[in-house]
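Novice: Please read through the structure below; I'll follow up with questions.
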Amino acid sequence: MAHWLSTAQRDGARLPKIFQVNWFRRSPEGTFLWPGFGDNIRVLKWALERLDGTADAVETPIGYVPTADALDLTGLDEKTRGLAAQALVVDTDEWIAETAAIDAWYATLGGDRLPGQLREQLAALKLRLAKAL
């Protein structure tokens with residue numbers, strides 16, 4: 001992992017932008033929040049527009065998330081639009097639990113062999129989440 005992190009230090013490095021999505025997130029009732037695989041292009045469209053600097057986003061403790069009207073939800077019924085809007089909500093408690101899982105995963109990767117930058121990023125995420133409470 002240290003090798004990949006070191007690529008940012010190279011002269012003229014052009015690193016890829018990273019986007020994360022959880023297509024399988026569910027509502028408290030157990031319903032998938034995202035409408036389905038056929039609609040994934042809506043998020044990909046937003047990501048490409050974001051790269052072009054034309055898509056709106058809001059800063060959250062976990063990074064930038066589309067604003068409620070930034071995703072093209074044309075053709076979806078009102079209920080599905082509502083579920084998709086719920087998918088954009090950053091649940092701080094859910095992410096705090098995720099950081100504990102990341103800590104456990106890091107422990108399996110060899111302890112001291114894990115680059116410090118990864119632990120620093122995780123610590124920064126925990127701090128942002130704590131401030132958001």
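Identifiers for the structure tokens are assigned positionally: chains receive A, B, ... in sequence, residues are indexed from 1 per chain, and ligands are indexed from 1 in the order shown.
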For Thr67 (chain A), list every protein, DNA or RNA residue within 8 Å, evaluated using only C-alpha atoms, and leave out those in the same chain fewer than 3 positions away; present the list as a list in words.
Specialist: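 In the requested form, the answer reads Asp56, Ala57, Val58, Ala70, Leu71 and Leu88 of chain A.
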Novice: Applying 10 Å and only C-alpha atoms, which residues near Leu122 (chain A) remain after dropping the ones on its own chain fewer than 5 positions away? List them as an MDAnalysis selection string.
Specialist: chainID A and resid 99:100 102:103 116:117 127:128
Novice: Generate the output file for the selected residues, C-alpha atoms, as a short mmCIF file (atom, residue, chain, number, x, y, z; two decimals), in the first residue's frame.
Specialist:
data_model
loop_
_atom_site.label_atom_id
_atom_site.label_comp_id
_atom_site.auth_asym_id
_atom_site.auth_seq_id
_atom_site.Cartn_x
_atom_site.Cartn_y
_atom_site.Cartn_z
CA THR A 99 -14.73 3.21 11.42
CA ALA A 100 -14.65 0.48 14.07
CA ILE A 102 -12.04 -0.39 9.44
CA ASP A 103 -9.92 -0.48 12.61
CA GLY A 116 0.73 5.66 8.72
CA GLN A 117 -1.17 7.76 6.18
CA LEU A 127 -12.69 13.46 14.18
CA ARG A 128 -15.01 14.80 11.45
#
Novice: With only C-alpha atoms as the atoms that count, which of A:Ala8, A:Leu76, A:Val89, A:Ile41 lies nearest to Tyr64 (chain A)?
Specialist: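 Smallest distance to Tyr64 (chain A) is found for A:Val89.
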Novice: Need the shell around region 20-25 of chain A: protein/DNA/RNA residues with any atom at most 7 Å away, counting only C-alpha atoms. Skip same-chain ones fewer than 4 positions apart. Format as a list in words?
Specialist: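 Close residues of region 20-25 of chain A: Phe32, Leu33 and Trp34 of chain A.
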Novice: Among the residues of region 2-129 of chain A, find those DSSP assigns to alpha helix (DSSP H) from the backbone and print them as a PyMOL selection string.
Specialist: chain A and resi 2-6+40-52+78-87+92-108+116-129
Novice: To one decimal place, how far is CA of Ala130 (chain A) from CA of Glu98 (chain A) in Å?
Specialist: 13.2 Å
Novice: Rank nothing, just name the residue among A:Val65, A:Pro35, A:Gln121, A:Pro28 nearest to Glu78 (chain A), using only C-alpha atoms.
Specialist: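 Ranking A:Val65, A:Pro35, A:Gln121, A:Pro28 by distance to Glu78 (chain A), first place goes to A:Pro35.
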Novice: Residues of region 42-120 of chain A in strand (DSSP E) according to DSSP, as a list in words?
Specialist: Ala57, Val58, Glu59, Thr60, Gly63, Tyr64, Val65 and Pro66 of chain A
Novice: Those residues with N, CA, C and O atoms, as a PDB file, in the first residue's frame please?
Specialist:
ATOM      1  N   ALA A  57     -22.740  19.444  -5.089  1.00  0.00           N
ATOM      2  CA  ALA A  57     -22.475  18.502  -4.004  1.00  0.00           C
ATOM      3  C   ALA A  57     -22.437  19.282  -2.704  1.00  0.00           C
ATOM      4  O   ALA A  57     -22.238  20.495  -2.696  1.00  0.00           O
ATOM      5  N   VAL A  58     -22.625  18.558  -1.624  1.00  0.00           N
ATOM      6  CA  VAL A  58     -22.531  19.141  -0.294  1.00  0.00           C
ATOM      7  C   VAL A  58     -21.419  18.411   0.449  1.00  0.00           C
ATOM      8  O   VAL A  58     -21.279  17.189   0.333  1.00  0.00           O
ATOM      9  N   GLU A  59     -20.617  19.179   1.192  1.00  0.00           N
ATOM     10  CA  GLU A  59     -19.536  18.563   1.957  1.00  0.00           C
ATOM     11  C   GLU A  59     -20.091  17.938   3.224  1.00  0.00           C
ATOM     12  O   GLU A  59     -20.876  18.558   3.936  1.00  0.00           O
ATOM     13  N   THR A  60     -19.678  16.704   3.494  1.00  0.00           N
ATOM     14  CA  THR A  60     -20.112  15.970   4.682  1.00  0.00           C
ATOM     15  C   THR A  60     -18.859  15.423   5.367  1.00  0.00           C
ATOM     16  O   THR A  60     -17.765  15.517   4.810  1.00  0.00           O
ATOM     17  N   GLY A  63     -17.022  13.151   2.970  1.00  0.00           N
ATOM     18  CA  GLY A  63     -16.670  13.664   1.650  1.00  0.00           C
ATOM     19  C   GLY A  63     -17.857  14.376   1.023  1.00  0.00           C
ATOM     20  O   GLY A  63     -18.812  14.739   1.705  1.00  0.00           O
ATOM     21  N   TYR A  64     -17.792  14.551  -0.278  1.00  0.00           N
ATOM     22  CA  TYR A  64     -18.850  15.262  -0.990  1.00  0.00           C
ATOM     23  C   TYR A  64     -19.923  14.293  -1.447  1.00  0.00           C
ATOM     24  O   TYR A  64     -19.638  13.229  -1.979  1.00  0.00           O
ATOM     25  N   VAL A  65     -21.178  14.700  -1.224  1.00  0.00           N
ATOM     26  CA  VAL A  65     -22.348  13.894  -1.560  1.00  0.00           C
ATOM     27  C   VAL A  65     -23.232  14.744  -2.473  1.00  0.00           C
ATOM     28  O   VAL A  65     -23.330  15.961  -2.283  1.00  0.00           O
ATOM     29  N   PRO A  66     -23.880  14.127  -3.450  1.00  0.00           N
ATOM     30  CA  PRO A  66     -24.769  14.916  -4.312  1.00  0.00           C
ATOM     31  C   PRO A  66     -25.825  15.653  -3.506  1.00  0.00           C
ATOM     32  O   PRO A  66     -26.337  15.125  -2.514  1.00  0.00           O
TER      33      PRO A  66
END
Novice: Determine the nearest neighbour of Leu48 (chain A) from the options A:Ala13, A:Phe19, A:Thr92, A:Gly110, counting only C-alpha atoms.
Specialist: A:Phe19
Novice: Using Å and a single decimal, report how far CA of Leu129 (chain A) sits from CA of Lys17 (chain A).
Specialist: 21.9 Å
Novice: Pick out the closest residue to Lys126 (chain A) from this set: A:Ala104, A:Ile62, A:Ala84, A:Leu109. Count only C-alpha atoms.
Specialist: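 Looking at the shortest contact to Lys126 (chain A), the residue is A:Ile62.
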